[in-house]
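model25.cif (mmCIF, C-alpha atoms and all ligand atoms)
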data_query
loop_
_atom_site.label_atom_id
_atom_site.label_comp_id
_atom_site.auth_asym_id
_atom_site.auth_seq_id
_atom_site.Cartn_x
_atom_site.Cartn_y
_atom_site.Cartn_z
CA MET A 295 48.74 65.39 280.28
CA SER A 296 52.53 65.57 280.38
CA ILE A 297 54.30 67.26 277.49
CA ILE A 298 56.08 63.94 276.91
CA ASP A 299 52.73 62.28 276.09
CA ASN A 300 51.73 65.23 273.90
CA LEU A 301 54.99 65.09 271.95
CA VAL A 302 54.79 61.30 271.48
CA SER A 303 51.19 61.64 270.32
CA HIS A 304 52.20 64.30 267.75
CA HIS A 305 55.05 62.01 266.62
CA GLY A 306 52.31 59.49 265.77
CA VAL A 307 50.61 62.07 263.53
CA LEU A 308 53.95 62.88 261.86
CA ARG A 309 54.64 59.19 261.17
CA GLN A 310 51.17 58.67 259.69
CA LEU A 311 51.41 61.74 257.46
CA PHE A 312 54.87 60.73 256.29
CA ASN A 313 53.73 57.20 255.39
CA LYS A 314 51.01 58.69 253.17
CA SER A 315 53.37 61.33 251.68
CA MET A 316 55.12 59.04 249.24
CA ASN A 317 52.33 59.08 246.67
CA ASP A 318 50.62 62.34 247.52
CA PRO A 319 52.40 65.72 247.32
CA GLN A 320 49.52 67.41 249.20
CA VAL A 321 49.96 65.09 252.19
CA PHE A 322 53.68 65.77 251.98
CA GLN A 323 52.96 69.52 252.33
CA GLU A 324 50.80 68.75 255.37
CA PHE A 325 53.57 66.59 256.85
CA MET A 326 56.07 69.44 256.49
CA ARG A 327 53.61 71.92 258.04
CA HIS A 328 53.18 69.66 261.08
CA LEU A 329 56.92 69.02 261.29
CA VAL A 330 57.84 72.72 261.35
CA VAL A 331 55.19 73.45 264.02
CA HIS A 332 56.37 70.42 266.02
CA HIS A 333 60.01 71.53 266.01
CA THR A 334 59.25 75.14 266.85
CA LEU A 335 57.04 74.29 269.83
CA GLU A 336 59.12 71.35 271.02
CA GLU A 337 62.07 73.73 271.25
CA LYS A 338 60.09 76.43 273.07
CA TYR A 339 58.25 74.24 275.58
CA PHE A 340 60.69 71.37 276.02
CA TYR A 341 64.29 71.80 274.83
CA ASP A 342 64.67 75.39 276.08
CA ILE A 343 63.86 74.05 279.58
CA LEU A 344 65.93 70.85 279.23
CA GLN A 345 68.94 72.93 278.18
CA THR A 346 69.00 74.63 281.56
CA VAL A 347 69.74 71.28 283.29
CA PRO A 348 73.53 70.80 283.14
CA GLU A 349 73.45 67.00 282.78
CA ALA A 350 70.87 67.22 279.95
CA GLU A 351 72.24 70.26 278.12
CA HIS A 352 74.37 68.40 275.59
CA GLU A 353 71.58 66.03 274.50
CA ALA A 354 69.13 68.94 274.23
CA LEU A 355 71.53 70.94 272.04
CA GLU A 356 72.17 67.88 269.87
CA ALA A 357 68.43 67.36 269.31
CA VAL A 358 67.89 71.03 268.39
CA ASN A 359 70.81 70.76 265.97
CA GLU A 360 69.07 67.77 264.35
CA HIS A 361 65.99 69.99 263.90
CA HIS A 362 68.18 72.44 261.96
CA ILE A 363 69.52 69.66 259.74
CA ILE A 364 65.96 68.43 259.06
CA GLU A 365 64.94 71.98 258.14
CA LEU A 366 67.80 72.14 255.63
CA ILE A 367 66.58 68.88 254.07
CA ILE A 368 63.04 70.37 253.93
CA LYS A 369 64.35 73.49 252.14
CA ASP A 370 66.12 71.27 249.62
CA ALA A 371 62.97 69.16 249.03
CA GLU A 372 60.79 72.29 248.69
CA GLY A 373 62.96 73.60 245.85
CA PHE A 374 62.78 70.30 243.98
CA PRO A 375 60.04 69.75 241.34
CA ASN A 376 57.34 67.36 242.66
CA GLU A 377 57.03 65.65 239.30
CA HIS A 378 60.74 64.88 239.00
CA GLU A 379 61.53 61.15 238.95
CA HIS A 380 63.95 61.60 241.85
CA PHE A 381 61.45 63.45 244.08
CA PRO A 382 60.46 60.24 246.00
CA VAL A 383 64.15 59.83 246.94
CA LYS A 384 64.09 63.34 248.46
CA ILE A 385 61.00 62.45 250.51
CA GLU A 386 62.58 59.15 251.56
CA GLY A 387 65.72 60.91 252.79
CA LEU A 388 63.73 63.40 254.84
CA GLY A 389 61.61 60.58 256.27
CA GLU A 390 64.59 58.46 257.26
CA TYR A 391 66.34 61.30 259.06
CA THR A 392 63.13 62.45 260.75
CA THR A 393 62.15 58.95 261.87
CA HIS A 394 65.61 58.41 263.37
CA HIS A 395 65.22 61.70 265.28
CA LEU A 396 61.73 60.81 266.60
CA ASP A 397 62.91 57.32 267.67
CA GLU A 398 65.87 58.77 269.55
CA GLU A 399 63.67 61.28 271.39
CA GLU A 400 61.25 58.56 272.44
CA ALA A 401 63.91 56.02 273.44
CA ASP A 402 66.45 58.28 275.18
CA ILE A 403 65.67 61.96 275.61
CA PHE A 404 62.05 61.85 276.81
CA PRO A 405 62.65 59.15 279.49
CA MET A 406 65.78 61.00 280.69
CA SER A 407 63.88 64.32 280.88
CA GLN A 408 61.38 62.79 283.28
CA SER A 409 64.14 62.39 285.84
CA VAL A 410 65.30 66.02 285.61
CA ILE A 411 62.05 68.02 285.09
CA PRO A 412 59.41 67.85 287.86
CA PRO A 413 56.13 66.13 286.83
CA GLU A 414 54.01 69.22 287.57
CA ASP A 415 56.17 71.28 285.21
CA LEU A 416 55.86 68.61 282.50
CA GLU A 417 52.07 68.87 282.94
CA THR A 418 52.03 72.66 282.61
CA LEU A 419 54.34 72.51 279.57
CA GLY A 420 52.01 69.90 278.05
CA LYS A 421 49.03 72.26 278.31
CA LEU A 422 51.01 75.11 276.74
CA PHE A 423 52.34 72.91 273.92
CA THR A 424 48.89 71.58 273.04
CA GLU A 425 47.28 75.03 273.06
CA ALA A 426 50.04 76.52 270.90
CA LYS A 427 50.06 73.55 268.50
CA ASP A 428 46.29 73.68 267.98
CA ASN A 429 46.44 77.43 267.37
CA ALA A 430 49.36 77.14 264.94
CA LEU A 431 47.86 74.29 262.91
CA ASN A 432 44.43 75.92 262.70
CA VAL A 433 45.65 79.23 261.33
CA LYS A 434 43.49 79.97 258.30
CA VAL A 435 45.29 81.76 255.50
CA PRO A 436 42.89 83.48 253.03
CA GLU A 437 43.18 82.37 249.40
CA VAL A 438 44.31 84.89 246.76
CA PRO A 439 41.23 85.89 244.67
CA GLY A 440 41.28 84.31 241.20
CA ALA A 441 40.92 87.75 239.55
CA ILE A 442 44.28 88.85 240.98
CA ALA A 443 46.02 85.69 239.78
CA ASN A 444 44.52 86.19 236.28
CA ARG A 445 45.56 89.84 236.14
CA ALA A 446 49.09 88.88 237.23
CA ALA A 447 49.25 86.28 234.45
CA LYS A 448 48.30 88.96 231.86
CA TYR A 449 50.56 91.60 233.38
CA ASP A 450 53.47 89.20 233.01
CA LYS A 451 53.05 89.49 229.20
CA ALA A 452 53.74 93.24 229.30
CA PRO A 453 56.98 94.25 227.53
CA LYS A 454 59.80 93.64 229.99
CA ALA A 455 62.20 96.16 228.39
CA LYS A 456 59.95 99.08 229.38
CA VAL A 457 59.83 97.99 233.02
CA ALA A 458 63.59 97.50 233.06
CA SER A 459 64.36 100.91 231.56
CA THR A 460 62.07 102.65 234.07
CA ALA A 461 63.83 100.88 236.90
CA THR A 462 67.22 101.82 235.53
CA SER A 463 66.36 105.48 235.06
CA THR A 464 64.90 105.61 238.57
CA ALA A 465 68.05 104.07 239.96
CA MET A 466 70.21 106.50 238.01
CA GLY A 467 68.13 109.45 239.10
CA LEU A 468 68.70 108.45 242.71
CA GLY A 469 72.34 107.83 242.06
CA ILE A 470 72.17 104.23 243.24
CA GLY A 471 73.09 100.94 241.68
CA GLY A 472 74.85 102.70 238.80
CA LEU A 473 76.76 100.52 236.37
CA LYS A 474 80.10 102.18 235.80
CA THR A 475 81.62 101.77 232.36
FE FE B 1 62.50 66.88 267.89
FE FE B 2 59.72 65.48 268.66
#
Show me the file's structure as structure tokens.
Amino acid sequence: MSIIDNLVSHHGVLRQLFNKSMNDPQVFQEFMRHLVVHHTLEEKYFYDILQTVPEAEHEALEAVNEHHIIELIIKDAEGFPNEHEHFPVKIEGLGEYTTHHLDEEEADIFPMSQSVIPPEDLETLGKLFTEAKDNALNVKVPEVPGAIANRAAKYDKAPKAKVASTATSTAMGLGIGGLKT
């Protein structure tokens, strides 16, 4: 399968996840996870190659720049409380920008790339993209044991002044971070 088909197929997953994100913060997290993996691998296995073709370089750089803008919108949305009444507007903004980007790739960039990258290379890149995507999305991250979370919650109640004074005396002893009066 050509990488173009693989990318379009993953766009379908992104669109579906986004449509379900509006009312479900967990699906929104999953959408962002897929989106970050998509951008990373699309750049490695598609845009890095497209950039080497002089007549396609500008469009490739423009698309990668759009990835950076989308990542800035993601960072902004991540720092915003999910329960805030304006949170859906944040999701909407990210969705609109992302959808525009996916549409442009499918309508212009992907068809153009087929005339500048040989079909056998698109096939090989497709295999690499799919393998890397499946590996990246299936990474299992172990959960933090509940006992550690509980201990941390209790530890947080320890007097803060003592911790601060220890840190200050350590810093002074080392002669760093001194506050000059
Ligand atoms: Fe993209
Ligand atoms: Fe894409």
Give as JSON, numbers by chain each residue that has an atom at most 10 Å from (62.7, 62.0, 265.1) in the file, counting only C-alpha atoms.
{"A": [305, 308, 309, 329, 333, 357, 360, 361, 364, 389, 390, 391, 392, 393, 394, 395, 396, 397, 398, 399, 400]}
If you count all atoms listed in the file, which residues fall within 9 Å of region 324-327 of chain A, apart from same-chain ones fewer than 2 positions away, as a tab-separated table (two decimals) with C-alpha atoms, in the coordinates of the input?
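The file below, out_33.tsv, is the result:
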chain	number	residue	atom	x	y	z
A	307	VAL	CA	50.61	62.07	263.53
A	308	LEU	CA	53.95	62.88	261.86
A	309	ARG	CA	54.64	59.19	261.17
A	310	GLN	CA	51.17	58.67	259.69
A	311	LEU	CA	51.41	61.74	257.46
A	312	PHE	CA	54.87	60.73	256.29
A	315	SER	CA	53.37	61.33	251.68
A	319	PRO	CA	52.40	65.72	247.32
A	320	GLN	CA	49.52	67.41	249.20
A	321	VAL	CA	49.96	65.09	252.19
A	322	PHE	CA	53.68	65.77	251.98
A	329	LEU	CA	56.92	69.02	261.29
A	330	VAL	CA	57.84	72.72	261.35
A	331	VAL	CA	55.19	73.45	264.02
A	332	HIS	CA	56.37	70.42	266.02
A	368	ILE	CA	63.04	70.37	253.93
A	431	LEU	CA	47.86	74.29	262.91
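For the atom pair formed by CA of Asp428 (chain A) and CA of Asp370 (chain A), the distance is 27.1 Å, given to one decimal.
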Nearby residues (only C-alpha atoms) at most 7 Å from region 408-418 of chain A, same-chain spacing under 4 positions excluded, as a PDB file with C-alpha atoms, in the frame of the given file:
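For reference, result10.pdb as written:
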ATOM      1  CA  MET A 295      48.740  65.390 280.280  1.00  0.00           C
ATOM      2  CA  SER A 296      52.530  65.570 280.380  1.00  0.00           C
ATOM      3  CA  ILE A 297      54.300  67.260 277.490  1.00  0.00           C
ATOM      4  CA  PHE A 404      62.050  61.850 276.810  1.00  0.00           C
ATOM      5  CA  LEU A 422      51.010  75.110 276.740  1.00  0.00           C
TER       6      LEU A 422
END
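The smallest atom-to-atom distance between ligand FE 1 (chain B) and any of A:Glu379, A:Glu425, A:Glu437, A:Glu356, using only C-alpha atoms and all ligand atoms, is found for A:Glu356.
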CA of Gln323 (chain A) to CA of Ile385 (chain A) measures 10.9 Å
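Between CA of Asn359 (chain A) and CA of Lys338 (chain A) there is a distance of 14.1 Å.
Nearest-residue note for ligand FE 1 (chain B): choosing from A:Thr334, A:Gln345, A:Ser303, A:Asn376, the minimum distance belongs to A:Thr334, counting all atoms listed in the file.
Proximity of A:Lys384, A:Asn432, A:Ala371, A:His362 to ligand FE 1 (chain B), computed with all atoms listed in the file, is greatest for A:His362.
Between Pro382 (chain A) and the candidates A:Asn444, A:Asn313, A:Asn429, A:Ser407, the tightest atom-to-atom separation, counting only C-alpha atoms, involves A:Asn313.
Using all atoms listed in the file, the shortest contact distance between ligand FE 2 (chain B) and any of A:Ile343, A:Val435, A:Glu372, A:Ile403 is found at A:Ile403.
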